[in-house]
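Colleague: For reference, this is coords.txt, and it has compact mmCIF, C-alpha atoms and all ligand atoms.
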# COMPACT_ATOMS: atom_id res chain seq x y z
CA MET A 1352 18.90 12.58 17.95
CA LYS A 1353 16.82 13.87 20.84
CA PHE A 1354 13.14 12.96 20.87
CA TYR A 1355 10.88 15.81 21.90
CA ASN A 1356 7.65 15.35 23.72
CA ARG A 1357 4.99 13.54 21.74
CA GLU A 1358 3.59 11.87 24.81
CA LYS A 1359 -0.05 12.00 23.76
CA GLU A 1360 0.64 10.65 20.25
CA VAL A 1361 2.99 7.90 21.44
CA ARG A 1362 0.49 6.83 24.09
CA PHE A 1363 -2.36 6.78 21.57
CA LEU A 1364 -0.46 4.63 19.07
CA LYS A 1365 0.94 2.27 21.71
CA THR A 1366 -2.52 1.70 23.12
CA TYR A 1367 -3.96 1.34 19.63
CA CYS A 1368 -1.45 -1.41 18.75
CA GLN A 1369 -2.58 -3.35 21.79
CA LEU A 1370 -6.32 -3.16 21.14
CA GLU A 1371 -8.16 -5.72 19.04
CA PRO A 1372 -7.73 -4.88 15.33
CA ASN A 1373 -10.94 -3.49 13.95
CA SER A 1374 -10.08 -0.96 11.25
CA ILE A 1375 -7.21 0.38 9.18
CA LEU A 1376 -5.54 3.37 10.80
CA PHE A 1377 -4.34 6.26 8.63
CA VAL A 1378 -1.84 8.52 10.34
CA TYR A 1379 -1.65 11.87 8.59
CA GLY A 1380 -0.45 15.38 9.29
CA PRO A 1381 1.41 18.39 7.90
CA LYS A 1382 4.72 17.78 6.14
CA SER A 1383 7.50 17.03 8.65
CA SER A 1384 5.18 17.09 11.66
CA GLY A 1385 6.96 13.98 12.95
CA LYS A 1386 4.64 11.14 11.88
CA SER A 1387 7.42 8.70 10.99
CA THR A 1388 9.48 9.62 14.04
CA VAL A 1389 6.53 9.02 16.39
CA MET A 1390 5.79 5.67 14.74
CA LEU A 1391 9.41 4.54 15.08
CA ARG A 1392 9.34 5.58 18.73
CA VAL A 1393 6.25 3.44 19.28
CA ILE A 1394 7.96 0.43 17.67
CA LYS A 1395 11.02 0.98 19.87
CA GLU A 1396 8.98 1.32 23.05
CA LEU A 1397 7.11 -1.91 22.27
CA GLU A 1398 10.29 -3.74 21.27
CA ASN A 1399 10.03 -6.20 24.15
CA SER A 1400 6.27 -6.73 23.99
CA ASN A 1401 4.63 -9.65 22.22
CA ILE A 1402 3.96 -7.50 19.15
CA VAL A 1403 5.65 -8.41 15.88
CA PHE A 1404 5.96 -5.33 13.68
CA PHE A 1405 6.03 -5.70 9.92
CA TYR A 1406 7.33 -2.28 9.02
CA TYR A 1407 7.89 -0.91 5.53
CA ASP A 1408 9.18 2.59 4.95
CA LEU A 1409 8.58 3.27 1.27
CA ARG A 1410 10.27 6.67 1.56
CA ARG A 1411 13.55 4.73 1.47
CA TYR A 1412 12.89 3.49 -2.02
CA ALA A 1413 12.44 5.06 -5.40
CA THR A 1414 8.81 4.68 -6.47
CA PRO A 1415 8.67 0.91 -6.81
CA THR A 1416 7.73 -1.22 -9.79
CA LYS A 1417 5.80 -4.44 -9.27
CA GLU A 1418 9.03 -6.46 -8.99
CA GLU A 1419 10.51 -3.97 -6.58
CA PHE A 1420 7.38 -4.03 -4.44
CA LEU A 1421 7.77 -7.80 -4.16
CA SER A 1422 11.41 -7.58 -3.15
CA ILE A 1423 10.64 -4.87 -0.59
CA PHE A 1424 7.83 -6.84 1.07
CA PHE A 1425 9.20 -10.39 0.90
CA GLU A 1426 12.40 -12.21 1.51
CA LYS A 1427 13.41 -15.72 0.51
CA SER A 1428 13.48 -17.83 3.62
CA ASP A 1429 12.20 -21.11 5.04
CA LYS A 1430 10.40 -19.11 7.69
CA LYS A 1431 7.05 -17.43 7.14
CA TYR A 1432 8.35 -14.20 8.60
CA ILE A 1433 11.87 -13.06 9.33
CA LEU A 1434 13.78 -10.20 10.90
CA ASN A 1435 14.45 -7.38 8.46
CA LYS A 1436 18.21 -7.08 8.64
CA PHE A 1437 18.28 -3.84 6.67
CA GLU A 1438 16.63 -2.01 9.56
CA PHE A 1439 19.62 -2.60 11.79
CA ASP A 1440 18.54 -0.53 14.79
CA LEU A 1441 14.90 -1.62 14.75
CA LYS A 1442 13.39 -4.98 15.53
CA VAL A 1443 10.99 -5.26 12.59
CA PHE A 1444 10.08 -8.11 10.29
CA LYS A 1445 9.39 -8.97 6.65
CA PHE A 1446 7.23 -11.68 5.15
CA GLY A 1447 9.09 -14.83 4.09
CA ILE A 1448 8.69 -16.85 0.93
CA GLY A 1449 10.20 -20.26 0.13
CA LYS A 1450 13.71 -20.23 -1.35
CA ASN A 1451 12.52 -21.63 -4.69
CA TYR A 1452 9.31 -19.63 -4.90
CA ASP A 1453 9.13 -17.74 -8.18
CA ILE A 1454 7.25 -14.74 -6.93
CA ASN A 1455 7.33 -12.73 -10.15
CA ASN A 1456 5.05 -15.16 -11.93
CA LYS A 1457 2.45 -15.32 -9.22
CA SER A 1458 -0.98 -13.78 -9.05
CA LEU A 1459 -1.93 -11.18 -6.48
CA ASN A 1460 -3.89 -13.83 -4.59
CA ASP A 1461 -0.79 -16.03 -4.27
CA ILE A 1462 1.12 -13.06 -2.97
CA PHE A 1463 -1.58 -12.06 -0.52
CA ASN A 1464 -1.63 -15.64 0.75
CA LYS A 1465 2.02 -15.25 1.63
CA ILE A 1466 1.19 -12.15 3.68
CA TYR A 1467 -1.63 -14.08 5.31
CA ASP A 1468 0.67 -17.04 6.10
CA GLY A 1469 3.15 -14.74 7.83
CA ILE A 1470 0.43 -13.14 9.89
CA GLU A 1471 -1.12 -16.47 10.87
CA GLU A 1472 2.27 -17.80 11.89
CA VAL A 1473 2.77 -14.86 14.29
CA ILE A 1474 -0.65 -15.50 15.82
CA LYS A 1475 0.04 -19.24 16.14
CA GLU A 1476 3.12 -18.37 18.16
CA GLY A 1477 0.93 -16.42 20.56
CA LYS A 1478 2.15 -13.02 19.37
CA ARG A 1479 0.37 -10.05 17.80
CA PRO A 1480 1.17 -8.89 14.29
CA VAL A 1481 1.06 -5.20 13.38
CA LEU A 1482 1.64 -4.13 9.78
CA ILE A 1483 2.90 -0.60 9.24
CA ILE A 1484 3.43 1.05 5.88
CA ASP A 1485 4.95 4.51 5.71
CA GLU A 1486 4.32 6.53 2.52
CA LEU A 1487 1.80 3.99 1.30
CA GLN A 1488 0.75 6.25 -1.58
CA LYS A 1489 3.96 5.23 -3.36
CA LEU A 1490 2.26 1.95 -4.29
CA LYS A 1491 -0.40 3.90 -6.20
CA ASN A 1492 0.65 3.11 -9.75
CA ILE A 1493 1.47 -0.59 -9.48
CA TYR A 1494 -0.75 -2.94 -11.46
CA PHE A 1495 -0.83 -6.73 -11.55
CA ASN A 1496 -2.00 -9.18 -14.20
CA GLY A 1497 -5.38 -8.22 -15.50
CA GLY A 1498 -4.75 -4.55 -14.69
CA LYS A 1499 -5.59 -4.90 -11.01
CA SER A 1500 -4.46 -1.95 -8.94
CA LEU A 1501 -2.21 -3.22 -6.18
CA LEU A 1502 -3.30 -0.51 -3.79
CA ASN A 1503 -7.03 -1.17 -4.22
CA GLU A 1504 -6.50 -4.88 -3.77
CA LEU A 1505 -4.29 -4.27 -0.75
CA PHE A 1506 -7.06 -2.20 0.81
CA ASN A 1507 -9.42 -5.14 0.43
CA LEU A 1508 -6.87 -7.38 2.11
CA PHE A 1509 -6.39 -4.84 4.90
CA VAL A 1510 -10.13 -4.58 5.51
CA HIS A 1511 -10.26 -8.36 5.70
CA LEU A 1512 -7.34 -8.54 8.15
CA THR A 1513 -8.75 -5.82 10.40
CA LYS A 1514 -12.48 -5.27 10.28
CA VAL A 1515 -13.51 -8.75 9.15
CA ARG A 1516 -11.09 -11.16 10.86
CA HIS A 1517 -9.49 -8.94 13.55
CA LEU A 1518 -6.14 -10.63 12.95
CA CYS A 1519 -3.70 -7.82 12.51
CA HIS A 1520 -3.47 -4.06 12.87
CA VAL A 1521 -2.72 -2.15 9.70
CA ILE A 1522 -1.31 1.34 10.15
CA CYS A 1523 -0.62 3.50 7.11
CA LEU A 1524 1.27 6.78 7.27
CA THR A 1525 1.23 9.40 4.61
CA SER A 1526 2.28 12.96 4.06
CA ASP A 1527 0.09 13.19 0.97
CA THR A 1528 -3.15 14.72 2.14
CA LEU A 1529 -4.84 14.59 -1.24
CA PHE A 1530 -4.28 10.84 -1.05
CA ILE A 1531 -6.00 10.83 2.35
CA GLU A 1532 -8.86 12.64 0.70
CA GLU A 1533 -9.19 9.92 -1.95
CA ILE A 1534 -9.19 7.30 0.78
CA TYR A 1535 -11.71 9.22 2.80
CA GLN A 1536 -14.09 9.16 -0.16
CA SER A 1537 -13.42 5.52 -1.04
CA SER A 1538 -16.32 3.14 -0.57
CA THR A 1539 -14.06 0.13 0.13
CA LEU A 1540 -12.82 1.87 3.23
CA GLU A 1541 -16.10 3.26 4.46
CA ASN A 1542 -16.64 2.19 8.07
CA ALA A 1543 -13.37 0.32 7.90
CA SER A 1544 -10.86 3.09 8.50
CA LYS A 1545 -9.80 5.47 11.26
CA TYR A 1546 -7.74 8.63 11.01
CA TYR A 1547 -5.17 10.01 13.40
CA LEU A 1548 -3.68 13.46 13.02
CA ILE A 1549 -0.12 14.19 14.08
CA ASP A 1550 -0.17 17.93 13.95
CA TRP A 1551 2.19 20.79 14.82
CA LEU A 1552 3.66 20.73 18.30
CA SER A 1553 1.56 22.60 20.85
CA LYS A 1554 2.75 25.98 22.12
CA GLU A 1555 3.03 24.62 25.69
CA ASP A 1556 5.19 21.71 24.57
CA ILE A 1557 7.43 23.99 22.52
CA LYS A 1558 7.83 26.34 25.51
CA LYS A 1559 8.70 23.43 27.78
CA ILE A 1560 11.27 22.04 25.35
CA LEU A 1561 12.92 25.44 24.79
CA LYS A 1562 13.13 26.01 28.54
CA GLU A 1563 14.75 22.60 29.02
CA GLU A 1564 17.18 23.45 26.24
CA GLY A 1565 18.28 26.54 28.14
CA PHE A 1566 16.65 29.29 26.05
CA LEU A 1567 16.01 32.55 27.92
CA LYS A 1568 12.52 33.88 28.58
CA ASP A 1569 12.91 36.69 26.02
CA GLU A 1570 14.08 34.25 23.35
CA ILE A 1571 11.18 31.91 24.07
CA ASP A 1572 8.64 34.74 24.02
CA TYR A 1573 9.97 35.81 20.64
CA CYS A 1574 10.18 32.49 18.86
CA ILE A 1575 7.03 30.90 20.24
CA ASN A 1576 5.03 32.78 17.58
CA TYR A 1577 7.00 31.22 14.74
CA LEU A 1578 7.63 27.59 15.72
CA SER A 1579 5.45 24.62 14.86
CA LEU A 1580 7.59 21.65 13.73
CA PRO A 1581 10.02 19.55 15.79
CA TYR A 1582 13.00 19.95 13.45
CA GLU A 1583 12.74 23.73 13.76
CA ILE A 1584 13.64 23.41 17.44
CA SER A 1585 16.75 21.36 16.60
CA ASP A 1586 17.70 23.95 13.99
CA LEU A 1587 17.29 26.78 16.49
CA ILE A 1588 19.49 24.97 19.03
CA GLU A 1589 22.17 24.19 16.46
CA ASN A 1590 22.20 27.75 15.14
CA LYS A 1591 22.43 29.14 18.66
CA LYS A 1592 25.54 27.02 19.19
CA LEU A 1593 26.88 28.40 15.90
CA GLY A 1594 26.34 31.94 17.17
CA LEU A 1595 23.05 32.90 15.47
CA SER A 1596 20.35 34.57 17.55
CA VAL A 1597 16.80 33.22 17.43
CA GLU A 1598 15.74 36.37 15.56
CA GLU A 1599 18.38 35.74 12.89
CA THR A 1600 17.45 32.08 12.47
CA ILE A 1601 13.76 32.85 12.16
CA ARG A 1602 14.42 35.69 9.72
CA GLN A 1603 16.41 33.25 7.58
CA TRP A 1604 13.64 30.66 7.65
CA ILE A 1605 11.01 33.13 6.53
CA ASN A 1606 13.26 34.50 3.79
CA ILE A 1607 13.94 31.01 2.48
CA GLU A 1608 10.25 30.10 2.53
CA LYS A 1609 9.34 33.36 0.81
CA ASP A 1610 11.99 32.79 -1.90
CA LYS A 1611 10.70 29.26 -2.47
CA LEU A 1612 7.15 30.56 -2.83
CA GLN A 1613 8.21 33.31 -5.24
CA TYR A 1614 10.15 30.78 -7.30
CA LEU A 1615 7.18 28.44 -7.38
CA ILE A 1616 4.87 31.20 -8.55
CA ALA A 1617 7.37 32.45 -11.15
CA ASN A 1618 7.51 28.93 -12.63
CA ILE A 1619 3.85 28.15 -12.45
CA PRO A 1620 2.63 25.61 -15.05
CA ASP A 1621 0.36 26.91 -17.83
CA GLU A 1622 -2.76 25.25 -16.47
CA ILE A 1623 -2.43 27.02 -13.11
CA ASN A 1624 -3.71 30.55 -12.76
CA GLU A 1625 -1.51 32.89 -10.75
CA ASN A 1626 -4.36 35.20 -9.73
CA LYS A 1627 -6.23 32.25 -8.29
CA ILE A 1628 -3.12 31.18 -6.36
CA ILE A 1629 -2.95 34.67 -4.86
CA GLU A 1630 -6.68 34.57 -4.16
CA ILE A 1631 -6.25 31.34 -2.20
CA LEU A 1632 -3.18 32.55 -0.34
CA GLY A 1633 -5.04 35.79 0.39
CA LYS A 1634 -7.47 33.88 2.61
CA PHE A 1635 -4.57 33.38 5.02
CA LYS A 1636 -3.81 37.09 5.33
CA ASN A 1637 -5.48 37.36 8.72
CA ASN A 1638 -6.17 33.71 9.52
CA ILE A 1639 -3.89 30.78 10.00
CA LYS A 1640 -6.71 28.31 9.40
CA VAL A 1641 -9.48 28.42 6.83
CA LYS A 1642 -12.54 26.22 6.53
CA ASN A 1643 -12.35 23.95 3.49
CA GLU A 1644 -15.53 25.30 1.90
CA GLU A 1645 -13.89 28.73 1.56
CA ILE A 1646 -11.26 27.30 -0.79
CA ILE A 1647 -12.51 24.02 -2.20
CA LYS A 1648 -14.66 25.36 -4.99
CA LYS A 1649 -14.75 24.18 -8.55
CA GLU A 1650 -13.05 27.29 -9.90
CA LEU A 1651 -10.12 27.07 -7.46
CA ILE A 1652 -9.63 23.32 -7.27
CA ASN A 1653 -6.59 23.02 -9.56
CA GLU A 1654 -4.80 25.86 -7.82
CA PHE A 1655 -5.70 24.44 -4.42
CA LYS A 1656 -4.29 21.02 -5.37
CA PHE A 1657 -1.18 22.69 -6.74
CA LEU A 1658 -0.56 24.40 -3.39
CA VAL A 1659 -1.16 21.18 -1.45
CA ASN A 1660 1.05 19.10 -3.77
CA ASN A 1661 3.81 21.65 -3.41
CA GLU A 1662 3.51 21.45 0.37
CA ILE A 1663 2.50 25.06 0.84
CA LEU A 1664 -0.88 24.15 2.30
CA PHE A 1665 -1.98 21.25 4.45
CA TYR A 1666 -5.50 19.95 3.96
CA ASP A 1667 -6.98 18.25 6.97
CA VAL A 1668 -9.86 16.48 5.27
CA VAL A 1669 -11.10 14.88 8.47
CA ASN A 1670 -11.56 18.18 10.30
CA GLY A 1671 -12.40 20.20 7.19
CA ILE A 1672 -9.56 22.67 7.71
CA ILE A 1673 -6.82 24.07 5.47
CA LYS A 1674 -3.70 25.75 6.83
CA PRO A 1675 -0.10 26.44 5.78
CA THR A 1676 2.19 23.45 6.37
CA SER A 1677 4.01 25.36 9.11
CA ILE A 1678 3.77 28.67 10.95
CA LYS A 1679 6.94 29.96 9.30
CA LYS A 1680 5.30 29.21 5.95
CA TRP A 1681 2.34 31.30 7.09
CA TYR A 1682 4.61 34.30 7.71
CA ALA A 1683 6.23 33.79 4.31
CA ILE A 1684 2.78 33.75 2.66
CA LYS A 1685 1.83 36.97 4.43
CA GLU A 1686 5.06 38.69 3.35
CA LEU A 1687 4.56 37.54 -0.21
CA LEU A 1688 1.01 38.93 -0.25
CA LYS A 1689 2.37 42.36 0.70
CA LEU A 1690 4.48 42.33 -2.49
CA LYS A 1691 1.51 41.47 -4.70
N1 LIG B 1701 9.42 14.37 18.46
C1 LIG B 1701 10.52 14.72 17.78
N2 LIG B 1701 11.66 15.06 18.44
C2 LIG B 1701 12.76 15.44 17.77
N3 LIG B 1701 12.84 15.51 16.45
C3 LIG B 1701 11.76 15.18 15.73
C4 LIG B 1701 10.54 14.76 16.37
N4 LIG B 1701 9.63 14.51 15.41
C5 LIG B 1701 10.24 14.75 14.25
N5 LIG B 1701 11.50 15.15 14.42
C6 LIG B 1701 12.44 15.51 13.35
O1 LIG B 1701 11.74 16.27 12.36
C7 LIG B 1701 12.06 15.82 11.05
C8 LIG B 1701 10.79 15.35 10.34
O2 LIG B 1701 10.25 14.25 11.05
P1 LIG B 1701 9.50 13.04 10.34
O3 LIG B 1701 10.24 12.61 9.15
O4 LIG B 1701 9.19 12.05 11.39
O5 LIG B 1701 8.18 13.80 9.93
P2 LIG B 1701 7.01 13.25 9.00
O6 LIG B 1701 5.77 13.87 9.51
O7 LIG B 1701 7.09 11.78 8.89
O8 LIG B 1701 7.45 13.94 7.63
P3 LIG B 1701 6.87 13.64 6.17
O9 LIG B 1701 5.61 14.45 6.11
O10 LIG B 1701 7.93 14.18 5.26
O11 LIG B 1701 6.66 12.18 6.06
C9 LIG B 1701 13.11 14.73 11.20
O12 LIG B 1701 14.37 15.30 11.04
C10 LIG B 1701 12.94 14.27 12.63
O13 LIG B 1701 14.14 13.78 13.18
MG MG B 1702 7.19 10.54 7.22
Can you turn what I pasted into C-alpha cells?
Ligand SMILES: Nc1ncnc2c1ncn2[C@@H]1O[C@H](COP(=O)(O)OP(=O)(O)OP(=O)(O)O)[C@@H](O)[C@H]1O
Ligand SMILES: [Mg+2]

Modeller:
Amino acid sequence: MKFYNREKEVRFLKTYCQLEPNSILFVYGPKSSGKSTVMLRVIKELENSNIVFFYYDLRRYATPTKEEFLSIFFEKSDKKYILNKFEFDLKVFKFGIGKNYDINNKSLNDIFNKIYDGIEEVIKEGKRPVLIIDELQKLKNIYFNGGKSLLNELFNLFVHLTKVRHLCHVICLTSDTLFIEEIYQSSTLENASKYYLIDWLSKEDIKKILKEEGFLKDEIDYCINYLSLPYEISDLIENKKLGLSVEETIRQWINIEKDKLQYLIANIPDEINENKIIEILGKFKNNIKVKNEEIIKKELINEFKFLVNNEILFYDVVNGIIKPTSIKKWYAIKELLKLK
C-alpha cells in the first residue's frame, strides 16, 4: 500500500517519542483519518532507533474479557519483554511473564508489576520504552477482583509511568470521540494528558497527491471539493483504472452515504427523536463545521451522541468543534436535508 503524505503528523509523533515522557498522549481524529496508519509508519521509521515499542492493536481482537486482556498483553517467557511474533512485519514487543506464572489468579497490582518489570528492563538495557495502545476504549468494561475498572487503574499506572516517573511514553489511539470526551473530563488525567488530532488531509496535500498520481487538472479541480480521507484517494485511483470517471466515483460515494443515513434514520431506536436528528443535521446545511455549544444542549444530547456513535459526526472536544466525519458525508447530509 502506498503511504500518502502525513509528514507533519509523522514528524510530530517521531519527535514526541524521543522527548522525555511527561504525559499520556491521546491521538484522536475522524473515523478513518489515518491514525493507526500514521502510528505504524512512526514505528517503522524508528525501527532501528533505541526505542522499544510495546504495541497493542485492540481492533484486531473481539472486545476482550479479563483473561483475553491478559493473553493479549503478556506472553509466557523467561524474558521480561519479548518480540511479538504475531506482528510479523513490525518490530514490536509484548511484556513477558514467567513460564509457570498463573496470571489469571493474580491481582491487578501483580499484573501492573509485570508491566513495570518489562519497562524497567528496557531502560536498564539503555533503551527507551514506548507503550502504544490502539482502540484503548475496548478495555472499558473489564473489571478485576473487587470490581476495579481495569481502564481506570491503567490510567493511574500510565500517569505514574509518564508524569510522575518519566519512564515510558504512553500513546493511546482512539476513534471513539465520546470516549475522548470522558477522558478530557476525567480528574485522574487532568494535567497529565495531551491530545493530538489527526484530521482530514489538507487540500494542498490532496492536490499534490492527485497530481503525482497522474490526475488531470480538470479532474483535480472537480474532486478537490469532495475528498478528505486518505482511502478515498486510493479508491479514486482504483476506480479510474477500472474505467470510472472521478465524477462517477464521487456520485457513488455520496449515494452510498445518503442511503446509509436514510437507513439509519428509518431504523432509529425509540429513545431517539427523528426531528431532533434533522435539527442537528440542519446545522450543517451551510456550514461544514459547527461550534459545540450550538449542538451540545441538554435537549439534543441523546441525538447528538447517536450521530457521533454512528460515525456521522465527529466531535473534536479539544477544539470545541463538530463536523461530519468526512466531506462526502457532508454532501450526503445536505442531500438528505433536501428530501426532508
Ligand atoms: N497516509 C496514508 N496513505 C495511504 N493510505 C492511508 C493513509 N492513511 C490511511 N490510509 C488508509 O485509510 C484507511 C483508514 O486508515 P486507518 O485505519 O489508519 O485510519 P484510522 O484513523 O486509524 O481509522 P479508525 O478511526 O477506524 O481507527 C486504511 O485503509 C489505510 O490504509
Ligand atoms: Mg485506527

Colleague: Quick check, in Å to one decimal: how far apart do atom CA of A:Ile1433 and atom CA of A:Ser1387 lie?

Modeller: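 Atom-to-atom, atom CA of A:Ile1433 and atom CA of A:Ser1387 are spaced 22.3 Å apart.
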
Colleague: Could you list, as a ChimeraX atom specification, every residue within 12 Å of A:Lys1382, counting all atoms listed in the file and ignoring same-chain residues fewer than 3 positions away?

Modeller: /A:1379,1385-1387,1486,1524-1528,1548-1551,1579-1582,1659-1667,1674-1678,1680

Colleague: Go ahead and save the picked residues with C-alpha atoms, as an mmCIF file, in the coordinates of the input.

Modeller:
data_model
loop_
_atom_site.group_PDB
_atom_site.id
_atom_site.type_symbol
_atom_site.label_atom_id
_atom_site.label_comp_id
_atom_site.auth_asym_id
_atom_site.auth_seq_id
_atom_site.Cartn_x
_atom_site.Cartn_y
_atom_site.Cartn_z
ATOM 1 C CA TYR A 1379 -1.650 11.870 8.590
ATOM 2 C CA GLY A 1385 6.960 13.980 12.950
ATOM 3 C CA LYS A 1386 4.640 11.140 11.880
ATOM 4 C CA SER A 1387 7.420 8.700 10.990
ATOM 5 C CA GLU A 1486 4.320 6.530 2.520
ATOM 6 C CA LEU A 1524 1.270 6.780 7.270
ATOM 7 C CA THR A 1525 1.230 9.400 4.610
ATOM 8 C CA SER A 1526 2.280 12.960 4.060
ATOM 9 C CA ASP A 1527 0.090 13.190 0.970
ATOM 10 C CA THR A 1528 -3.150 14.720 2.140
ATOM 11 C CA LEU A 1548 -3.680 13.460 13.020
ATOM 12 C CA ILE A 1549 -0.120 14.190 14.080
ATOM 13 C CA ASP A 1550 -0.170 17.930 13.950
ATOM 14 C CA TRP A 1551 2.190 20.790 14.820
ATOM 15 C CA SER A 1579 5.450 24.620 14.860
ATOM 16 C CA LEU A 1580 7.590 21.650 13.730
ATOM 17 C CA PRO A 1581 10.020 19.550 15.790
ATOM 18 C CA TYR A 1582 13.000 19.950 13.450
ATOM 19 C CA VAL A 1659 -1.160 21.180 -1.450
ATOM 20 C CA ASN A 1660 1.050 19.100 -3.770
ATOM 21 C CA ASN A 1661 3.810 21.650 -3.410
ATOM 22 C CA GLU A 1662 3.510 21.450 0.370
ATOM 23 C CA ILE A 1663 2.500 25.060 0.840
ATOM 24 C CA LEU A 1664 -0.880 24.150 2.300
ATOM 25 C CA PHE A 1665 -1.980 21.250 4.450
ATOM 26 C CA TYR A 1666 -5.500 19.950 3.960
ATOM 27 C CA ASP A 1667 -6.980 18.250 6.970
ATOM 28 C CA LYS A 1674 -3.700 25.750 6.830
ATOM 29 C CA PRO A 1675 -0.100 26.440 5.780
ATOM 30 C CA THR A 1676 2.190 23.450 6.370
ATOM 31 C CA SER A 1677 4.010 25.360 9.110
ATOM 32 C CA ILE A 1678 3.770 28.670 10.950
ATOM 33 C CA LYS A 1680 5.300 29.210 5.950
#

Colleague: For A:Lys1431, please output as JSON, numbers by chain all residues within 8 Å (counting all atoms listed in the file; exclusion window: fewer than 4 positions along the same chain).

Modeller: {"A": [1446, 1447, 1448, 1465, 1468, 1469, 1472]}

Colleague: To one decimal place, how far is atom CA of A:Glu1630 from atom CA of A:Lys1691 in Å?

Modeller: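 If I compute the distance from atom CA of A:Glu1630 to atom CA of A:Lys1691, I get 10.7 Å.
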
Colleague: What is the distance between atom CA of A:Lys1649 and atom CA of A:Leu1687, in Å to one decimal?

Modeller: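 About the pair atom CA of A:Lys1649 and atom CA of A:Leu1687: they are 24.9 Å apart.
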
Colleague: Take the point (3.0, 38.0, -5.2) in the file's coordinates, draw a sphere of radius 12 Å around it, and report as a ChimeraX atom specification every protein, DNA or RNA residue with an atom inside or on it, counting only C-alpha atoms.

Modeller: /A:1609-1617,1625-1633,1683-1691

Colleague: Could you check which of A:Asp1408, A:Ile1672, A:Ile1394, A:Cys1368 is closest to ligand MG 1702 (chain B), using all atoms listed in the file?

Modeller: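 Nearest to ligand MG 1702 (chain B): A:Asp1408.
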
Colleague: Measuring between only C-alpha atoms and all ligand atoms, which one of A:Ile1454, A:Cys1523, A:Phe1509, A:Thr1416 shows the shortest distance to ligand MG 1702 (chain B)?

Modeller: A:Cys1523

Colleague: Of the candidates A:Arg1357, A:Pro1372, A:Cys1519, A:Ser1384, which shows the shortest atom-to-atom distance to ligand MG 1702 (chain B), using only C-alpha atoms and all ligand atoms?

Modeller: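 The shortest atom-to-atom distance to ligand MG 1702 (chain B) comes from A:Ser1384.
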